There are 2 protein chains.
Amino acid sequence: MKRDIFQAIADPTRRAILVLIATQALTPNALADQFDITRQAVSKHIKILNECELLEQEKVGREIYYELKIDKMKEVDQWLEQFRKIWENRFDQLDDLLTTLKSENNES
Amino acid sequence: MKRDIFQAIADPTRRAILVLIATQALTPNALADQFDITRQAVSKHIKILNECELLEQEKVGREIYYELKIDKMKEVDQWLEQFRKIWENRFDQLDDLLTTLKSENNES
DNA sequence: ATTTTGTGAAACCAAATGGTTTCGTATATT
DNA sequence: AATATACGAAACCATTTGGTTTCACAAAAT
């Protein structure tokens, strides 16, 4: 099963996990406390996120702290770039139109 | 089945469709030509994209032209914003560190 | 030394997913 | 009028998904 970051963020629970571990490392148990699913289900989500290279982990005794590899999120940002170009371009065009209308109005 | 834009972009074929119709409206048949799947399969993807309110359609005779509702893509951008804040902040911190090191070097 | 705790992995399951083939129907073409 | 084309929808199917329960094992706590 080859998974990518877009599949990783498709699931709402995984998106929530990513937000939680974006600023602080957390253990699977700590994460499971935040949801209405078993610790094992969270573990499976972690496994998927790990396969997508979205996580860094640090083992402390018998606990494992997972934190977001935030740079990986930039891949989504990069994919969005092509659409951002379009909507920014359209905004500029709208801006131009409004400017034109305004100046035409001033001249009348 | 409640679907959202993150599920919509999880599938690689759907992502390709979104790119294709970002700048020009296309019919299901025209889209199907671009992939190795049946027109009906494309139709199902279109249905999903439509449910996520990602499409505008215009009927011309017996053809239906689909185009991307680009503003909807901003939802992904907005979700990314929280992570962007973090990585920009970390970049600033790195920048500060480098500046500090440089000035310390000049003073020695 | 025994028990408790934190974890990953496996076996299992119902539901969702992404594809196909088949069909009905509206619109163009001949 | 008959045929061809464009489309959506339904029935069907294998695979994937997201969850569960159960298990094995290492590390703490008692």
# chains A, B, ... in the order shown; residues from 1 in each chain; ligands from 1
>>> interface_residues(of="chain A", to="chain C", cutoff="10 Å", atoms="only C-alpha atoms (C1' of nucleotides)", output="list in words")
Thr27, Pro28, Asn29, Arg39, Gln40, Ser43, Lys44, Lys47, Gly61, Arg62, Glu63 and Ile64 of chain A
>>> residues_around(residues="Ile9 (chain B)", least_positions_apart="2", cutoff="10 Å", atoms="only C-alpha atoms (C1' of nucleotides)", output="PyMOL selection string")
(chain A and resi 6-7+9-10) or (chain B and resi 4-7+11-18+49+73+76)
>>> atom_distance(atom1="CA of Ile70 (chain A)", atom2="CA of Asp92 (chain B)")
14.8 Å
>>> closest_atom_pairs(of="chain D", to="chain B", cutoff="10 Å", atoms="only C-alpha atoms (C1' of nucleotides)", output="JSON lines")
{"residue": "D:DT5", "atom": "C1'", "partner": "B:Arg62", "partner_atom": "CA", "distance": 8.8}
{"residue": "D:DA6", "atom": "C1'", "partner": "B:Arg62", "partner_atom": "CA", "distance": 5.8}
{"residue": "D:DC7", "atom": "C1'", "partner": "B:Glu63", "partner_atom": "CA", "distance": 7.4}
{"residue": "D:DG8", "atom": "C1'", "partner": "B:Ser43", "partner_atom": "CA", "distance": 7.7}
{"residue": "D:DA9", "atom": "C1'", "partner": "B:Lys44", "partner_atom": "CA", "distance": 9.7}
>>> write_last_selection(atoms="N, CA and C atoms (P, O5', C5', C4', C3', O3' and C1' of nucleotides)", output="PDB file, in the first residue's frame")
ATOM      1  P    DT D   5     -21.317   7.651 -32.939  1.00  0.00           P
ATOM      2  O5'  DT D   5     -21.706   8.652 -31.765  1.00  0.00           O
ATOM      3  C5'  DT D   5     -21.942  10.009 -32.103  1.00  0.00           C
ATOM      4  C4'  DT D   5     -22.356  10.743 -30.847  1.00  0.00           C
ATOM      5  C3'  DT D   5     -21.411  10.546 -29.667  1.00  0.00           C
ATOM      6  O3'  DT D   5     -21.006  11.833 -29.278  1.00  0.00           O
ATOM      7  C1'  DT D   5     -23.658  10.249 -29.019  1.00  0.00           C
ATOM      8  P    DA D   6     -19.953  12.110 -28.101  1.00  0.00           P
ATOM      9  O5'  DA D   6     -20.905  12.471 -26.888  1.00  0.00           O
ATOM     10  C5'  DA D   6     -21.585  13.718 -26.867  1.00  0.00           C
ATOM     11  C4'  DA D   6     -22.220  13.886 -25.503  1.00  0.00           C
ATOM     12  C3'  DA D   6     -21.286  13.549 -24.340  1.00  0.00           C
ATOM     13  O3'  DA D   6     -21.338  14.597 -23.385  1.00  0.00           O
ATOM     14  C1'  DA D   6     -23.278  12.278 -24.188  1.00  0.00           C
ATOM     15  P    DC D   7     -20.402  14.554 -22.117  1.00  0.00           P
ATOM     16  O5'  DC D   7     -21.366  13.887 -21.043  1.00  0.00           O
ATOM     17  C5'  DC D   7     -22.540  14.608 -20.679  1.00  0.00           C
ATOM     18  C4'  DC D   7     -23.517  13.701 -19.976  1.00  0.00           C
ATOM     19  C3'  DC D   7     -23.015  13.062 -18.693  1.00  0.00           C
ATOM     20  O3'  DC D   7     -23.221  13.966 -17.630  1.00  0.00           O
ATOM     21  C1'  DC D   7     -24.534  11.667 -19.953  1.00  0.00           C
ATOM     22  P    DG D   8     -22.747  13.589 -16.165  1.00  0.00           P
ATOM     23  O5'  DG D   8     -23.957  12.737 -15.577  1.00  0.00           O
ATOM     24  C5'  DG D   8     -25.266  13.321 -15.536  1.00  0.00           C
ATOM     25  C4'  DG D   8     -26.253  12.318 -14.969  1.00  0.00           C
ATOM     26  C3'  DG D   8     -25.883  11.785 -13.590  1.00  0.00           C
ATOM     27  O3'  DG D   8     -27.069  11.746 -12.813  1.00  0.00           O
ATOM     28  C1'  DG D   8     -26.098   9.977 -15.115  1.00  0.00           C
ATOM     29  P    DA D   9     -27.059  11.129 -11.336  1.00  0.00           P
ATOM     30  O5'  DA D   9     -27.470   9.598 -11.561  1.00  0.00           O
ATOM     31  C5'  DA D   9     -28.724   9.299 -12.175  1.00  0.00           C
ATOM     32  C4'  DA D   9     -29.012   7.818 -12.021  1.00  0.00           C
ATOM     33  C3'  DA D   9     -28.622   7.234 -10.661  1.00  0.00           C
ATOM     34  O3'  DA D   9     -29.561   6.220 -10.330  1.00  0.00           O
ATOM     35  C1'  DA D   9     -27.456   6.106 -12.338  1.00  0.00           C
TER      36       DA D   9
END
>>> select_by_dssp(residues="region 5-105 of chain A", states="helix (DSSP H, G or I)", output="PyMOL selection string")
chain A and resi 5-8+12-23+28-32+39-51+70-105
>>> residues_around(residues="Phe83 (chain A)", least_positions_apart="3", cutoff="9 Å", atoms="only C-alpha atoms (C1' of nucleotides)", output="ChimeraX atom specification")
/A:79-80,86-88 /B:19,22,70,73-74
>>> select_by_dssp(residues="region 18-88 of chain A", states="strand (DSSP E)", output="PyMOL selection string")
chain A and resi 55-60+63-68
>>> atom_distance(atom1="CA of Thr100 (chain B)", atom2="CA of Glu81 (chain B)")
28.3 Å
>>> residues_around(residues="Glu51 (chain A)", least_positions_apart="3", cutoff="9 Å", atoms="only C-alpha atoms (C1' of nucleotides)", output="PyMOL selection string")
chain A and resi 2-4+46-48+54-55
>>> closest_residue(among="A:Gln82, A:Asn105, A:Gln34, A:Asn50", to="chain B", atoms="only C-alpha atoms")
A:Gln82
>>> atom_distance(atom1="CA of Asp36 (chain B)", atom2="CA of Cys52 (chain B)")
23.8 Å
>>> decode(residues="region 4-27 of chain C", atoms="N, CA and C atoms (P, O5', C5', C4', C3', O3' and C1' of nucleotides)", output="PDB file, in the first residue's frame")
ATOM      1  P    DT C   4      -1.996  -6.018  38.937  1.00  0.00           P
ATOM      2  O5'  DT C   4      -1.465  -4.719  38.188  1.00  0.00           O
ATOM      3  C5'  DT C   4      -0.783  -3.725  38.959  1.00  0.00           C
ATOM      4  C4'  DT C   4      -0.149  -2.729  38.019  1.00  0.00           C
ATOM      5  C3'  DT C   4      -1.090  -2.216  36.931  1.00  0.00           C
ATOM      6  O3'  DT C   4      -1.026  -0.807  36.970  1.00  0.00           O
ATOM      7  C1'  DT C   4       0.938  -2.940  35.979  1.00  0.00           C
ATOM      8  P    DT C   5      -1.916   0.136  36.059  1.00  0.00           P
ATOM      9  O5'  DT C   5      -0.883   0.478  34.894  1.00  0.00           O
ATOM     10  C5'  DT C   5       0.301   1.200  35.215  1.00  0.00           C
ATOM     11  C4'  DT C   5       1.116   1.377  33.962  1.00  0.00           C
ATOM     12  C3'  DT C   5       0.327   1.931  32.781  1.00  0.00           C
ATOM     13  O3'  DT C   5       1.024   3.058  32.307  1.00  0.00           O
ATOM     14  C1'  DT C   5       1.558   0.040  32.138  1.00  0.00           C
ATOM     15  P    DG C   6       0.495   3.972  31.158  1.00  0.00           P
ATOM     16  O5'  DG C   6       1.371   3.488  29.936  1.00  0.00           O
ATOM     17  C5'  DG C   6       2.749   3.852  29.868  1.00  0.00           C
ATOM     18  C4'  DG C   6       3.269   3.434  28.525  1.00  0.00           C
ATOM     19  C3'  DG C   6       2.392   3.878  27.343  1.00  0.00           C
ATOM     20  O3'  DG C   6       3.220   4.495  26.368  1.00  0.00           O
ATOM     21  C1'  DG C   6       2.724   1.532  27.284  1.00  0.00           C
ATOM     22  P    DT C   7       2.610   5.079  25.042  1.00  0.00           P
ATOM     23  O5'  DT C   7       2.733   3.871  24.025  1.00  0.00           O
ATOM     24  C5'  DT C   7       4.039   3.440  23.641  1.00  0.00           C
ATOM     25  C4'  DT C   7       4.013   2.101  22.971  1.00  0.00           C
ATOM     26  C3'  DT C   7       3.201   2.015  21.698  1.00  0.00           C
ATOM     27  O3'  DT C   7       3.973   2.492  20.620  1.00  0.00           O
ATOM     28  C1'  DT C   7       3.241  -0.022  22.985  1.00  0.00           C
ATOM     29  P    DG C   8       3.389   2.495  19.174  1.00  0.00           P
ATOM     30  O5'  DG C   8       3.554   0.996  18.653  1.00  0.00           O
ATOM     31  C5'  DG C   8       4.863   0.429  18.552  1.00  0.00           C
ATOM     32  C4'  DG C   8       4.763  -0.987  18.023  1.00  0.00           C
ATOM     33  C3'  DG C   8       4.098  -1.111  16.651  1.00  0.00           C
ATOM     34  O3'  DG C   8       4.849  -2.040  15.877  1.00  0.00           O
ATOM     35  C1'  DG C   8       2.924  -2.430  18.228  1.00  0.00           C
ATOM     36  P    DA C   9       4.370  -2.497  14.438  1.00  0.00           P
ATOM     37  O5'  DA C   9       3.506  -3.806  14.696  1.00  0.00           O
ATOM     38  C5'  DA C   9       4.136  -4.946  15.288  1.00  0.00           C
ATOM     39  C4'  DA C   9       3.201  -6.135  15.207  1.00  0.00           C
ATOM     40  C3'  DA C   9       2.458  -6.255  13.868  1.00  0.00           C
ATOM     41  O3'  DA C   9       2.322  -7.636  13.557  1.00  0.00           O
ATOM     42  C1'  DA C   9       0.890  -6.105  15.571  1.00  0.00           C
ATOM     43  P    DA C  10       1.971  -8.135  12.097  1.00  0.00           P
ATOM     44  O5'  DA C  10       1.028  -9.396  12.305  1.00  0.00           O
ATOM     45  C5'  DA C  10       1.059 -10.137  13.529  1.00  0.00           C
ATOM     46  C4'  DA C  10      -0.336 -10.618  13.885  1.00  0.00           C
ATOM     47  C3'  DA C  10      -1.211 -10.928  12.669  1.00  0.00           C
ATOM     48  O3'  DA C  10      -1.806 -12.199  12.860  1.00  0.00           O
ATOM     49  C1'  DA C  10      -2.370  -9.521  14.148  1.00  0.00           C
ATOM     50  P    DA C  11      -2.485 -12.943  11.607  1.00  0.00           P
ATOM     51  O5'  DA C  11      -4.002 -13.100  12.081  1.00  0.00           O
ATOM     52  C5'  DA C  11      -4.275 -13.526  13.410  1.00  0.00           C
ATOM     53  C4'  DA C  11      -5.741 -13.292  13.714  1.00  0.00           C
ATOM     54  C3'  DA C  11      -6.661 -13.564  12.528  1.00  0.00           C
ATOM     55  O3'  DA C  11      -7.818 -14.239  13.009  1.00  0.00           O
ATOM     56  C1'  DA C  11      -6.996 -11.369  13.285  1.00  0.00           C
ATOM     57  P    DC C  12      -8.922 -14.859  11.973  1.00  0.00           P
ATOM     58  O5'  DC C  12     -10.079 -13.764  12.024  1.00  0.00           O
ATOM     59  C5'  DC C  12     -10.712 -13.466  13.268  1.00  0.00           C
ATOM     60  C4'  DC C  12     -11.464 -12.193  13.139  1.00  0.00           C
ATOM     61  C3'  DC C  12     -12.444 -12.133  11.967  1.00  0.00           C
ATOM     62  O3'  DC C  12     -13.768 -12.262  12.463  1.00  0.00           O
ATOM     63  C1'  DC C  12     -11.329 -10.061  12.366  1.00  0.00           C
ATOM     64  P    DC C  13     -14.991 -12.459  11.388  1.00  0.00           P
ATOM     65  O5'  DC C  13     -15.553 -10.973  11.262  1.00  0.00           O
ATOM     66  C5'  DC C  13     -15.931 -10.250  12.435  1.00  0.00           C
ATOM     67  C4'  DC C  13     -16.335  -8.857  12.019  1.00  0.00           C
ATOM     68  C3'  DC C  13     -17.157  -8.836  10.725  1.00  0.00           C
ATOM     69  O3'  DC C  13     -18.406  -8.223  10.941  1.00  0.00           O
ATOM     70  C1'  DC C  13     -15.400  -7.236  10.672  1.00  0.00           C
ATOM     71  P    DA C  14     -19.592  -8.409   9.863  1.00  0.00           P
ATOM     72  O5'  DA C  14     -20.113  -6.917   9.691  1.00  0.00           O
ATOM     73  C5'  DA C  14     -20.104  -6.023  10.807  1.00  0.00           C
ATOM     74  C4'  DA C  14     -20.019  -4.600  10.308  1.00  0.00           C
ATOM     75  C3'  DA C  14     -20.944  -4.281   9.130  1.00  0.00           C
ATOM     76  O3'  DA C  14     -21.483  -2.989   9.334  1.00  0.00           O
ATOM     77  C1'  DA C  14     -18.698  -3.914   8.494  1.00  0.00           C
ATOM     78  P    DA C  15     -22.429  -2.286   8.245  1.00  0.00           P
ATOM     79  O5'  DA C  15     -21.483  -1.234   7.536  1.00  0.00           O
ATOM     80  C5'  DA C  15     -20.775  -0.299   8.340  1.00  0.00           C
ATOM     81  C4'  DA C  15     -19.883   0.528   7.462  1.00  0.00           C
ATOM     82  C3'  DA C  15     -20.576   1.120   6.230  1.00  0.00           C
ATOM     83  O3'  DA C  15     -20.186   2.468   6.141  1.00  0.00           O
ATOM     84  C1'  DA C  15     -18.655  -0.115   5.573  1.00  0.00           C
ATOM     85  P    DA C  16     -20.708   3.442   4.992  1.00  0.00           P
ATOM     86  O5'  DA C  16     -19.385   3.718   4.147  1.00  0.00           O
ATOM     87  C5'  DA C  16     -18.218   4.113   4.849  1.00  0.00           C
ATOM     88  C4'  DA C  16     -17.056   4.179   3.892  1.00  0.00           C
ATOM     89  C3'  DA C  16     -17.315   4.959   2.602  1.00  0.00           C
ATOM     90  O3'  DA C  16     -16.151   5.739   2.370  1.00  0.00           O
ATOM     91  C1'  DA C  16     -16.609   2.765   2.073  1.00  0.00           C
ATOM     92  P    DT C  17     -16.064   6.712   1.073  1.00  0.00           P
ATOM     93  O5'  DT C  17     -15.203   5.828   0.075  1.00  0.00           O
ATOM     94  C5'  DT C  17     -13.918   5.396   0.483  1.00  0.00           C
ATOM     95  C4'  DT C  17     -13.238   4.707  -0.678  1.00  0.00           C
ATOM     96  C3'  DT C  17     -13.406   5.449  -2.010  1.00  0.00           C
ATOM     97  O3'  DT C  17     -12.115   5.612  -2.555  1.00  0.00           O
ATOM     98  C1'  DT C  17     -13.974   3.154  -2.222  1.00  0.00           C
ATOM     99  P    DG C  18     -11.814   6.621  -3.751  1.00  0.00           P
ATOM    100  O5'  DG C  18     -11.688   5.670  -5.010  1.00  0.00           O
ATOM    101  C5'  DG C  18     -10.644   4.703  -5.055  1.00  0.00           C
ATOM    102  C4'  DG C  18     -10.883   3.811  -6.244  1.00  0.00           C
ATOM    103  C3'  DG C  18     -11.277   4.553  -7.528  1.00  0.00           C
ATOM    104  O3'  DG C  18     -10.539   4.026  -8.617  1.00  0.00           O
ATOM    105  C1'  DG C  18     -12.865   2.903  -7.036  1.00  0.00           C
ATOM    106  P    DG C  19     -10.550   4.791 -10.030  1.00  0.00           P
ATOM    107  O5'  DG C  19     -11.344   3.763 -10.967  1.00  0.00           O
ATOM    108  C5'  DG C  19     -10.724   2.618 -11.465  1.00  0.00           C
ATOM    109  C4'  DG C  19     -11.658   1.432 -11.503  1.00  0.00           C
ATOM    110  C3'  DG C  19     -12.641   1.357 -12.661  1.00  0.00           C
ATOM    111  O3'  DG C  19     -12.005   0.992 -13.863  1.00  0.00           O
ATOM    112  C1'  DG C  19     -13.550   0.444 -10.657  1.00  0.00           C
ATOM    113  P    DT C  20     -12.729   1.195 -15.280  1.00  0.00           P
ATOM    114  O5'  DT C  20     -13.756  -0.040 -15.357  1.00  0.00           O
ATOM    115  C5'  DT C  20     -13.272  -1.379 -15.299  1.00  0.00           C
ATOM    116  C4'  DT C  20     -14.443  -2.328 -15.142  1.00  0.00           C
ATOM    117  C3'  DT C  20     -15.429  -2.250 -16.292  1.00  0.00           C
ATOM    118  O3'  DT C  20     -15.210  -3.336 -17.189  1.00  0.00           O
ATOM    119  C1'  DT C  20     -16.567  -2.202 -14.176  1.00  0.00           C
ATOM    120  P    DT C  21     -15.888  -3.262 -18.659  1.00  0.00           P
ATOM    121  O5'  DT C  21     -17.392  -3.690 -18.353  1.00  0.00           O
ATOM    122  C5'  DT C  21     -17.665  -4.977 -17.808  1.00  0.00           C
ATOM    123  C4'  DT C  21     -19.164  -5.123 -17.579  1.00  0.00           C
ATOM    124  C3'  DT C  21     -20.015  -4.921 -18.837  1.00  0.00           C
ATOM    125  O3'  DT C  21     -21.006  -5.940 -18.887  1.00  0.00           O
ATOM    126  C1'  DT C  21     -20.757  -3.454 -17.137  1.00  0.00           C
ATOM    127  P    DT C  22     -22.012  -6.022 -20.171  1.00  0.00           P
ATOM    128  O5'  DT C  22     -23.309  -5.272 -19.642  1.00  0.00           O
ATOM    129  C5'  DT C  22     -23.914  -5.682 -18.427  1.00  0.00           C
ATOM    130  C4'  DT C  22     -25.074  -4.765 -18.103  1.00  0.00           C
ATOM    131  C3'  DT C  22     -25.989  -4.453 -19.296  1.00  0.00           C
ATOM    132  O3'  DT C  22     -27.333  -4.762 -18.936  1.00  0.00           O
ATOM    133  C1'  DT C  22     -25.400  -2.486 -18.138  1.00  0.00           C
ATOM    134  P    DC C  23     -28.500  -4.727 -20.065  1.00  0.00           P
ATOM    135  O5'  DC C  23     -29.201  -3.319 -19.748  1.00  0.00           O
ATOM    136  C5'  DC C  23     -29.774  -3.116 -18.459  1.00  0.00           C
ATOM    137  C4'  DC C  23     -30.081  -1.644 -18.275  1.00  0.00           C
ATOM    138  C3'  DC C  23     -30.969  -1.034 -19.366  1.00  0.00           C
ATOM    139  O3'  DC C  23     -32.291  -0.885 -18.872  1.00  0.00           O
ATOM    140  C1'  DC C  23     -29.207   0.436 -18.634  1.00  0.00           C
ATOM    141  P    DG C  24     -33.439  -0.292 -19.813  1.00  0.00           P
ATOM    142  O5'  DG C  24     -33.462   1.271 -19.472  1.00  0.00           O
ATOM    143  C5'  DG C  24     -33.556   1.711 -18.102  1.00  0.00           C
ATOM    144  C4'  DG C  24     -33.661   3.220 -18.082  1.00  0.00           C
ATOM    145  C3'  DG C  24     -34.616   3.790 -19.130  1.00  0.00           C
ATOM    146  O3'  DG C  24     -35.342   4.866 -18.548  1.00  0.00           O
ATOM    147  C1'  DG C  24     -32.423   4.638 -19.501  1.00  0.00           C
ATOM    148  P    DT C  25     -36.421   5.676 -19.425  1.00  0.00           P
ATOM    149  O5'  DT C  25     -35.662   6.993 -19.909  1.00  0.00           O
ATOM    150  C5'  DT C  25     -34.908   7.734 -18.964  1.00  0.00           C
ATOM    151  C4'  DT C  25     -34.202   8.875 -19.670  1.00  0.00           C
ATOM    152  C3'  DT C  25     -34.992   9.467 -20.841  1.00  0.00           C
ATOM    153  O3'  DT C  25     -34.864  10.856 -20.811  1.00  0.00           O
ATOM    154  C1'  DT C  25     -32.858   8.918 -21.543  1.00  0.00           C
ATOM    155  P    DA C  26     -36.029  11.827 -21.359  1.00  0.00           P
ATOM    156  O5'  DA C  26     -35.252  13.154 -21.770  1.00  0.00           O
ATOM    157  C5'  DA C  26     -34.185  13.626 -20.945  1.00  0.00           C
ATOM    158  C4'  DA C  26     -33.065  14.138 -21.823  1.00  0.00           C
ATOM    159  C3'  DA C  26     -33.533  14.997 -23.000  1.00  0.00           C
ATOM    160  O3'  DA C  26     -32.749  16.167 -23.011  1.00  0.00           O
ATOM    161  C1'  DA C  26     -32.122  13.282 -23.773  1.00  0.00           C
ATOM    162  P    DT C  27     -33.104  17.416 -23.957  1.00  0.00           P
ATOM    163  O5'  DT C  27     -32.009  17.362 -25.113  1.00  0.00           O
ATOM    164  C5'  DT C  27     -30.643  17.499 -24.758  1.00  0.00           C
ATOM    165  C4'  DT C  27     -29.792  17.076 -25.918  1.00  0.00           C
ATOM    166  C3'  DT C  27     -30.051  17.846 -27.222  1.00  0.00           C
ATOM    167  O3'  DT C  27     -28.803  18.265 -27.713  1.00  0.00           O
ATOM    168  C1'  DT C  27     -29.977  15.553 -27.625  1.00  0.00           C
TER     169       DT C  27
END
